[in-house]
$ cat input-v5.pdb   # PDB, C-alpha atoms
ATOM      1  CA  MET V   1      24.904   8.749  27.028  1.00  0.00           C
ATOM      2  CA  LYS V   2      23.879  10.238  23.721  1.00  0.00           C
ATOM      3  CA  ARG V   3      20.272   9.826  22.529  1.00  0.00           C
ATOM      4  CA  PHE V   4      19.409   8.107  19.274  1.00  0.00           C
ATOM      5  CA  ASN V   5      19.238  10.592  16.420  1.00  0.00           C
ATOM      6  CA  PHE V   6      17.664   9.594  13.097  1.00  0.00           C
ATOM      7  CA  LYS V   7      19.267  11.803  10.470  1.00  0.00           C
ATOM      8  CA  LEU V   8      16.292  11.488   8.102  1.00  0.00           C
ATOM      9  CA  GLU V   9      13.692  12.428  10.723  1.00  0.00           C
ATOM     10  CA  LYS V  10      12.511  15.505   8.794  1.00  0.00           C
ATOM     11  CA  ILE V  11      11.907  13.448   5.681  1.00  0.00           C
ATOM     12  CA  LEU V  12      10.056  10.845   7.745  1.00  0.00           C
ATOM     13  CA  LYS V  13       7.808  13.559   9.223  1.00  0.00           C
ATOM     14  CA  LEU V  14       7.096  14.926   5.739  1.00  0.00           C
ATOM     15  CA  ARG V  15       6.205  11.450   4.528  1.00  0.00           C
ATOM     16  CA  GLU V  16       3.919  10.918   7.545  1.00  0.00           C
ATOM     17  CA  ASN V  17       2.160  14.230   6.847  1.00  0.00           C
ATOM     18  CA  ARG V  18       1.735  13.341   3.182  1.00  0.00           C
ATOM     19  CA  GLU V  19       0.294   9.968   4.151  1.00  0.00           C
ATOM     20  CA  ARG V  20      -2.193  11.636   6.522  1.00  0.00           C
ATOM     21  CA  GLU V  21      -3.236  14.141   3.852  1.00  0.00           C
ATOM     22  CA  THR V  22      -3.781  11.436   1.243  1.00  0.00           C
ATOM     23  CA  GLU V  23      -5.714   9.374   3.783  1.00  0.00           C
ATOM     24  CA  ILE V  24      -8.021  12.351   4.346  1.00  0.00           C
ATOM     25  CA  GLU V  25      -8.470  12.790   0.590  1.00  0.00           C
ATOM     26  CA  LEU V  26      -9.296   9.100   0.256  1.00  0.00           C
ATOM     27  CA  GLY V  27     -11.857   9.432   3.044  1.00  0.00           C
ATOM     28  CA  LYS V  28     -13.484  12.374   1.278  1.00  0.00           C
ATOM     29  CA  ALA V  29     -13.656  10.462  -2.013  1.00  0.00           C
ATOM     30  CA  VAL V  30     -15.173   7.416  -0.301  1.00  0.00           C
ATOM     31  CA  GLY V  31     -17.672   9.694   1.458  1.00  0.00           C
ATOM     32  CA  ILE V  32     -18.755  11.253  -1.836  1.00  0.00           C
ATOM     33  CA  LEU V  33     -19.199   7.807  -3.374  1.00  0.00           C
ATOM     34  CA  ALA V  34     -21.235   6.640  -0.368  1.00  0.00           C
ATOM     35  CA  ALA V  35     -23.473   9.725  -0.613  1.00  0.00           C
ATOM     36  CA  ILE V  36     -24.117   9.081  -4.301  1.00  0.00           C
ATOM     37  CA  GLU V  37     -24.926   5.430  -3.584  1.00  0.00           C
ATOM     38  CA  THR V  38     -27.378   6.545  -0.900  1.00  0.00           C
ATOM     39  CA  GLN V  39     -29.043   8.872  -3.405  1.00  0.00           C
ATOM     40  CA  ILE V  40     -29.332   5.999  -5.892  1.00  0.00           C
ATOM     41  CA  LYS V  41     -31.026   3.852  -3.237  1.00  0.00           C
ATOM     42  CA  ASN V  42     -33.412   6.685  -2.390  1.00  0.00           C
ATOM     43  CA  VAL V  43     -34.339   7.148  -6.051  1.00  0.00           C
ATOM     44  CA  ALA V  44     -34.956   3.406  -6.374  1.00  0.00           C
ATOM     45  CA  ARG V  45     -37.174   3.487  -3.273  1.00  0.00           C
ATOM     46  CA  GLU V  46     -39.139   6.447  -4.669  1.00  0.00           C
ATOM     47  CA  LYS V  47     -39.583   4.640  -7.981  1.00  0.00           C
ATOM     48  CA  VAL V  48     -40.979   1.553  -6.242  1.00  0.00           C
ATOM     49  CA  LEU V  49     -43.499   3.720  -4.412  1.00  0.00           C
ATOM     50  CA  ALA V  50     -44.416   5.589  -7.601  1.00  0.00           C
ATOM     51  CA  VAL V  51     -44.991   2.344  -9.485  1.00  0.00           C
ATOM     52  CA  GLN V  52     -47.248   1.109  -6.681  1.00  0.00           C
ATOM     53  CA  TYR V  53     -49.377   4.263  -6.695  1.00  0.00           C
ATOM     54  CA  ARG V  54     -49.361   4.722 -10.483  1.00  0.00           C
ATOM     55  CA  PHE V  55     -52.499   2.652 -11.006  1.00  0.00           C
ATOM     56  CA  SER V  56     -54.535   4.261  -8.270  1.00  0.00           C
ATOM     57  CA  GLY V  57     -56.520   7.241  -9.453  1.00  0.00           C
ATOM     58  CA  ASN V  58     -57.628   8.801 -12.701  1.00  0.00           C
ATOM     59  CA  PHE V  59     -55.873   9.074 -16.043  1.00  0.00           C
ATOM     60  CA  ASN V  60     -54.176  12.417 -15.248  1.00  0.00           C
ATOM     61  CA  GLN V  61     -52.660  11.030 -12.059  1.00  0.00           C
ATOM     62  CA  MET V  62     -51.453   7.962 -13.926  1.00  0.00           C
ATOM     63  CA  ARG V  63     -49.870  10.176 -16.552  1.00  0.00           C
ATOM     64  CA  SER V  64     -48.144  12.362 -13.952  1.00  0.00           C
ATOM     65  CA  TYR V  65     -46.784   9.230 -12.242  1.00  0.00           C
ATOM     66  CA  GLU V  66     -45.421   8.023 -15.582  1.00  0.00           C
ATOM     67  CA  PHE V  67     -43.573  11.327 -16.052  1.00  0.00           C
ATOM     68  CA  TYR V  68     -42.355  11.144 -12.459  1.00  0.00           C
ATOM     69  CA  ILE V  69     -41.046   7.603 -13.033  1.00  0.00           C
ATOM     70  CA  GLN V  70     -39.275   8.747 -16.201  1.00  0.00           C
ATOM     71  CA  ARG V  71     -37.663  11.601 -14.303  1.00  0.00           C
ATOM     72  CA  LEU V  72     -36.570   9.175 -11.573  1.00  0.00           C
ATOM     73  CA  ASP V  73     -35.011   6.939 -14.237  1.00  0.00           C
ATOM     74  CA  GLN V  74     -33.124   9.909 -15.663  1.00  0.00           C
ATOM     75  CA  THR V  75     -31.994  10.901 -12.184  1.00  0.00           C
ATOM     76  CA  ARG V  76     -30.860   7.327 -11.521  1.00  0.00           C
ATOM     77  CA  ASP V  77     -28.862   7.253 -14.771  1.00  0.00           C
ATOM     78  CA  THR V  78     -27.198  10.565 -13.908  1.00  0.00           C
ATOM     79  CA  LEU V  79     -26.364   9.309 -10.423  1.00  0.00           C
ATOM     80  CA  LEU V  80     -24.936   6.080 -11.840  1.00  0.00           C
ATOM     81  CA  GLU V  81     -22.634   8.132 -14.066  1.00  0.00           C
ATOM     82  CA  LYS V  82     -21.577  10.215 -11.069  1.00  0.00           C
ATOM     83  CA  ALA V  83     -20.996   7.024  -9.069  1.00  0.00           C
ATOM     84  CA  ALA V  84     -18.760   5.645 -11.809  1.00  0.00           C
ATOM     85  CA  LEU V  85     -16.711   8.848 -11.829  1.00  0.00           C
ATOM     86  CA  ALA V  86     -16.574   8.835  -8.031  1.00  0.00           C
ATOM     87  CA  GLU V  87     -15.383   5.220  -8.087  1.00  0.00           C
ATOM     88  CA  LEU V  88     -12.576   6.209 -10.457  1.00  0.00           C
ATOM     89  CA  GLU V  89     -11.643   9.039  -8.090  1.00  0.00           C
ATOM     90  CA  VAL V  90     -11.622   6.628  -5.143  1.00  0.00           C
ATOM     91  CA  GLU V  91      -9.305   4.264  -7.018  1.00  0.00           C
ATOM     92  CA  ARG V  92      -7.007   7.134  -8.000  1.00  0.00           C
ATOM     93  CA  THR V  93      -6.776   8.488  -4.453  1.00  0.00           C
ATOM     94  CA  ARG V  94      -6.366   4.956  -3.074  1.00  0.00           C
ATOM     95  CA  ALA V  95      -3.352   4.450  -5.346  1.00  0.00           C
ATOM     96  CA  ILE V  96      -1.870   7.757  -4.182  1.00  0.00           C
ATOM     97  CA  TYR V  97      -2.496   6.812  -0.550  1.00  0.00           C
ATOM     98  CA  LEU V  98      -0.876   3.391  -0.979  1.00  0.00           C
ATOM     99  CA  GLU V  99       2.169   5.008  -2.552  1.00  0.00           C
ATOM    100  CA  ALA V 100       2.450   7.558   0.272  1.00  0.00           C
ATOM    101  CA  SER V 101       2.016   4.806   2.841  1.00  0.00           C
ATOM    102  CA  ARG V 102       4.699   2.695   1.191  1.00  0.00           C
ATOM    103  CA  ASP V 103       7.106   5.658   1.129  1.00  0.00           C
ATOM    104  CA  ARG V 104       6.500   6.346   4.817  1.00  0.00           C
ATOM    105  CA  LYS V 105       6.950   2.675   5.746  1.00  0.00           C
ATOM    106  CA  ILE V 106      10.331   2.580   4.024  1.00  0.00           C
ATOM    107  CA  PHE V 107      11.627   5.389   6.227  1.00  0.00           C
ATOM    108  CA  SER V 108       9.928   4.016   9.338  1.00  0.00           C
ATOM    109  CA  LYS V 109      11.590   0.636   8.868  1.00  0.00           C
ATOM    110  CA  LEU V 110      14.925   2.304   8.216  1.00  0.00           C
ATOM    111  CA  LYS V 111      14.532   4.284  11.438  1.00  0.00           C
ATOM    112  CA  GLU V 112      13.584   1.150  13.384  1.00  0.00           C
ATOM    113  CA  ARG V 113      16.581  -0.744  11.990  1.00  0.00           C
ATOM    114  CA  GLN V 114      18.981   2.085  12.840  1.00  0.00           C
ATOM    115  CA  GLU V 115      17.488   2.467  16.301  1.00  0.00           C
ATOM    116  CA  ARG V 116      17.802  -1.279  16.942  1.00  0.00           C
ATOM    117  CA  GLU V 117      21.436  -1.156  15.833  1.00  0.00           C
ATOM    118  CA  TYR V 118      22.040   1.878  18.046  1.00  0.00           C
ATOM    119  CA  ARG V 119      20.469   0.139  21.066  1.00  0.00           C
ATOM    120  CA  ARG V 120      22.544  -2.973  20.411  1.00  0.00           C
ATOM    121  CA  ASN V 121      25.762  -0.927  20.224  1.00  0.00           C
ATOM    122  CA  VAL V 122      24.873   0.958  23.406  1.00  0.00           C
ATOM    123  CA  SER V 123      24.156  -2.320  25.129  1.00  0.00           C
ATOM    124  CA  LEU V 124      27.494  -3.769  24.055  1.00  0.00           C
ATOM    125  CA  GLU V 125      29.263  -0.646  25.216  1.00  0.00           C
ATOM    126  CA  GLU V 126      27.563  -0.819  28.617  1.00  0.00           C
ATOM    127  CA  ILE V 127      28.547  -4.471  28.939  1.00  0.00           C
ATOM    128  CA  LYS V 128      32.177  -3.587  28.190  1.00  0.00           C
ATOM    129  CA  ILE V 129      32.137  -0.795  30.784  1.00  0.00           C
ATOM    130  CA  ILE V 130      30.564  -3.025  33.441  1.00  0.00           C
ATOM    131  CA  ASP V 131      32.969  -5.808  32.591  1.00  0.00           C
ATOM    132  CA  ASP V 132      35.911  -3.437  32.861  1.00  0.00           C
ATOM    133  CA  LEU V 133      34.702  -2.118  36.200  1.00  0.00           C
ATOM    134  CA  SER V 134      33.826  -5.437  37.754  1.00  0.00           C
ATOM    135  CA  GLY V 135      36.765  -7.416  36.380  1.00  0.00           C
ATOM    136  CA  GLY V 136      39.384  -4.829  37.136  1.00  0.00           C
ATOM    137  CA  ARG V 137      40.628  -5.239  33.585  1.00  0.00           C
ATOM    138  CA  THR V 138      41.762  -1.630  33.358  1.00  0.00           C
ATOM    139  CA  ALA V 139      43.838  -1.930  36.476  1.00  0.00           C
ATOM    140  CA  ARG V 140      45.452  -5.180  35.311  1.00  0.00           C
ATOM    141  CA  GLU V 141      46.142  -3.765  31.873  1.00  0.00           C
ATOM    142  CA  ALA V 142      47.784  -0.737  33.468  1.00  0.00           C
ATOM    143  CA  VAL V 143      50.010  -2.917  35.650  1.00  0.00           C
ATOM    144  CA  VAL V 144      50.877  -5.375  32.899  1.00  0.00           C
ATOM    145  CA  GLY V 145      51.407  -2.647  30.342  1.00  0.00           C
ATOM    146  CA  ALA V 146      53.762  -0.685  32.609  1.00  0.00           C
TER     147      ALA V 146
END

$ encode --input "input-v5.pdb" --output "structure tokens"
Amino acid sequence: MKRFNFKLEKILKLRENRERETEIELGKAVGILAAIETQIKNVAREKVLAVQYRFSGNFNQMRSYEFYIQRLDQTRDTLLEKAALAELEVERTRAIYLEASRDRKIFSKLKERQEREYRRNVSLEEIKIIDDLSGGRTAREAVVGA
């Protein structure tokens, strides 16, 4: 008996590879966004500590803490801008991934449908052969036809 052969198997493999590649790219983009968000949390934590210690000490220390807090605010603003850009990149790569996934699913479902049809036809053929063998239909047809 002949094995099932999906004629578009190469295209399906290409679509699967593209889906995997876009999934990796999406993971990288999400990782970058998560790293930026972690940096933002760290800056916020440092600012809280700086505000707490700002009032302990002399005037010069207070002034240096004020500059430090200003620098932390600038750093936070820069990181928020980077986070916004990273979020846009995540959305862009997510859209690409969803498209690649949808393309792959179309071919996967087509393959499944064709394979199901193939299995059904093979099953019907086997039933006919068994029926012919067990019922002696071929022998009767040969006698009646002669």

$ residues_around --input "input-v5.pdb" --residues "Leu33 (chain V)" --least-positions-apart "2" --cutoff "8 Å" --atoms "all atoms listed in the file" --output "tab-separated table (two decimals) with C-alpha atoms, in the frame of the given file"
chain	number	residue	atom	x	y	z
V	29	ALA	CA	-13.66	10.46	-2.01
V	30	VAL	CA	-15.17	7.42	-0.30
V	31	GLY	CA	-17.67	9.69	1.46
V	35	ALA	CA	-23.47	9.72	-0.61
V	36	ILE	CA	-24.12	9.08	-4.30
V	37	GLU	CA	-24.93	5.43	-3.58
V	83	ALA	CA	-21.00	7.02	-9.07
V	86	ALA	CA	-16.57	8.84	-8.03
V	87	GLU	CA	-15.38	5.22	-8.09
V	90	VAL	CA	-11.62	6.63	-5.14

$ atom_distance --input "input-v5.pdb" --atom1 "CA of Leu49 (chain V)" --atom2 "CA of Gln74 (chain V)"
16.5 Å

$ closest_residue --input "input-v5.pdb" --among "V:Thr22, V:Arg104, V:Lys82, V:Asn60" --to "Lys10 (chain V)" --atoms "only C-alpha atoms"
V:Arg104

$ atom_distance --input "input-v5.pdb" --atom1 "CA of Arg94 (chain V)" --atom2 "CA of Glu23 (chain V)"
8.2 Å

$ resolve_selection --input "input-v5.pdb" --expression "the PyMOL selection byres ((chain V and resi 79) around 10)" --output "list in words"
Ile36, Glu37, Thr38, Gln39, Ile40, Val43, Asp73, Gln74, Thr75, Arg76, Asp77, Thr78, Leu80, Glu81, Lys82, Ala83, Ala84 and Leu85 of chain V

$ atom_distance --input "input-v5.pdb" --atom1 "CA of Tyr97 (chain V)" --atom2 "CA of Leu26 (chain V)"
7.2 Å

$ closest_residue --input "input-v5.pdb" --among "V:Lys2, V:Leu133, V:Leu12, V:Ile24" --to "Asn121 (chain V)" --atoms "only C-alpha atoms"
V:Lys2

$ resolve_selection --input "input-v5.pdb" --expression "the PyMOL selection byres ((chain V and resi 111) around 12)" --output "PyMOL selection string"
chain V and resi 4-13+104-110+112-118

$ closest_residue --input "input-v5.pdb" --among "V:Leu124, V:Glu46, V:Ser101, V:Ile129" --to "Glu21 (chain V)" --atoms "all atoms listed in the file"
V:Ser101

$ resolve_selection --input "input-v5.pdb" --expression "the PyMOL selection byres ((chain V and resi 51) around 10)" --output "JSON, numbers by chain"
{"V": [46, 47, 48, 49, 50, 52, 53, 54, 55, 56, 62, 65, 66, 68, 69]}

$ axis_aligned_box --input "input-v5.pdb" --around "region 9-27 of chain V" --padding-each-side "4 Å" --output "AutoDock Vina command-line options"
--center_x 0.9 --center_y 12.3 --center_z 5.5 --size_x 33.5 --size_y 14.4 --size_z 18.5

$ closest_residue --input "input-v5.pdb" --among "V:Arg20, V:Arg15, V:Lys128, V:Arg71" --to "Asp103 (chain V)" --atoms "all atoms listed in the file"
V:Arg15

$ build_atoms --input "input-v5.pdb" --residues "region 29-48 of chain V" --atoms "N, CA and C atoms" --output "mmCIF file, in the coordinates of the input"
data_model
loop_
_atom_site.group_PDB
_atom_site.id
_atom_site.type_symbol
_atom_site.label_atom_id
_atom_site.label_comp_id
_atom_site.auth_asym_id
_atom_site.auth_seq_id
_atom_site.Cartn_x
_atom_site.Cartn_y
_atom_site.Cartn_z
ATOM 1 N N ALA V 29 -13.200 11.098 -0.775
ATOM 2 C CA ALA V 29 -13.656 10.462 -2.013
ATOM 3 C C ALA V 29 -14.612 9.308 -1.708
ATOM 4 N N VAL V 30 -14.294 8.525 -0.691
ATOM 5 C CA VAL V 30 -15.173 7.416 -0.301
ATOM 6 C C VAL V 30 -16.498 7.960 0.221
ATOM 7 N N GLY V 31 -16.449 9.063 0.946
ATOM 8 C CA GLY V 31 -17.672 9.694 1.458
ATOM 9 C C GLY V 31 -18.575 10.181 0.337
ATOM 10 N N ILE V 32 -17.974 10.777 -0.678
ATOM 11 C CA ILE V 32 -18.755 11.253 -1.836
ATOM 12 C C ILE V 32 -19.409 10.076 -2.540
ATOM 13 N N LEU V 33 -18.646 9.000 -2.725
ATOM 14 C CA LEU V 33 -19.199 7.807 -3.374
ATOM 15 C C LEU V 33 -20.347 7.223 -2.550
ATOM 16 N N ALA V 34 -20.177 7.170 -1.237
ATOM 17 C CA ALA V 34 -21.235 6.640 -0.368
ATOM 18 C C ALA V 34 -22.496 7.510 -0.444
ATOM 19 N N ALA V 35 -22.315 8.827 -0.508
ATOM 20 C CA ALA V 35 -23.473 9.725 -0.613
ATOM 21 C C ALA V 35 -24.217 9.504 -1.928
ATOM 22 N N ILE V 36 -23.480 9.329 -3.003
ATOM 23 C CA ILE V 36 -24.117 9.081 -4.301
ATOM 24 C C ILE V 36 -24.868 7.751 -4.272
ATOM 25 N N GLU V 37 -24.258 6.734 -3.673
ATOM 26 C CA GLU V 37 -24.926 5.430 -3.584
ATOM 27 C C GLU V 37 -26.203 5.521 -2.744
ATOM 28 N N THR V 38 -26.179 6.331 -1.708
ATOM 29 C CA THR V 38 -27.378 6.545 -0.900
ATOM 30 C C THR V 38 -28.463 7.223 -1.731
ATOM 31 N N GLN V 39 -28.075 8.204 -2.536
ATOM 32 C CA GLN V 39 -29.043 8.872 -3.405
ATOM 33 C C GLN V 39 -29.653 7.893 -4.404
ATOM 34 N N ILE V 40 -28.828 7.004 -4.942
ATOM 35 C CA ILE V 40 -29.332 5.999 -5.892
ATOM 36 C C ILE V 40 -30.356 5.102 -5.202
ATOM 37 N N LYS V 41 -30.073 4.688 -3.978
ATOM 38 C CA LYS V 41 -31.026 3.852 -3.237
ATOM 39 C C LYS V 41 -32.331 4.605 -2.967
ATOM 40 N N ASN V 42 -32.209 5.882 -2.638
ATOM 41 C CA ASN V 42 -33.412 6.685 -2.390
ATOM 42 C C ASN V 42 -34.264 6.823 -3.654
ATOM 43 N N VAL V 43 -33.613 7.043 -4.785
ATOM 44 C CA VAL V 43 -34.339 7.148 -6.051
ATOM 45 C C VAL V 43 -35.031 5.818 -6.364
ATOM 46 N N ALA V 44 -34.346 4.720 -6.122
ATOM 47 C CA ALA V 44 -34.956 3.406 -6.374
ATOM 48 C C ALA V 44 -36.173 3.187 -5.467
ATOM 49 N N ARG V 45 -36.055 3.608 -4.220
ATOM 50 C CA ARG V 45 -37.174 3.487 -3.273
ATOM 51 C C ARG V 45 -38.365 4.338 -3.736
ATOM 52 N N GLU V 46 -38.073 5.565 -4.166
ATOM 53 C CA GLU V 46 -39.139 6.447 -4.669
ATOM 54 C C GLU V 46 -39.806 5.856 -5.908
ATOM 55 N N LYS V 47 -39.018 5.227 -6.771
ATOM 56 C CA LYS V 47 -39.583 4.640 -7.981
ATOM 57 C C LYS V 47 -40.521 3.479 -7.633
ATOM 58 N N VAL V 48 -40.118 2.663 -6.669
ATOM 59 C CA VAL V 48 -40.979 1.553 -6.242
ATOM 60 C C VAL V 48 -42.315 2.090 -5.735
#
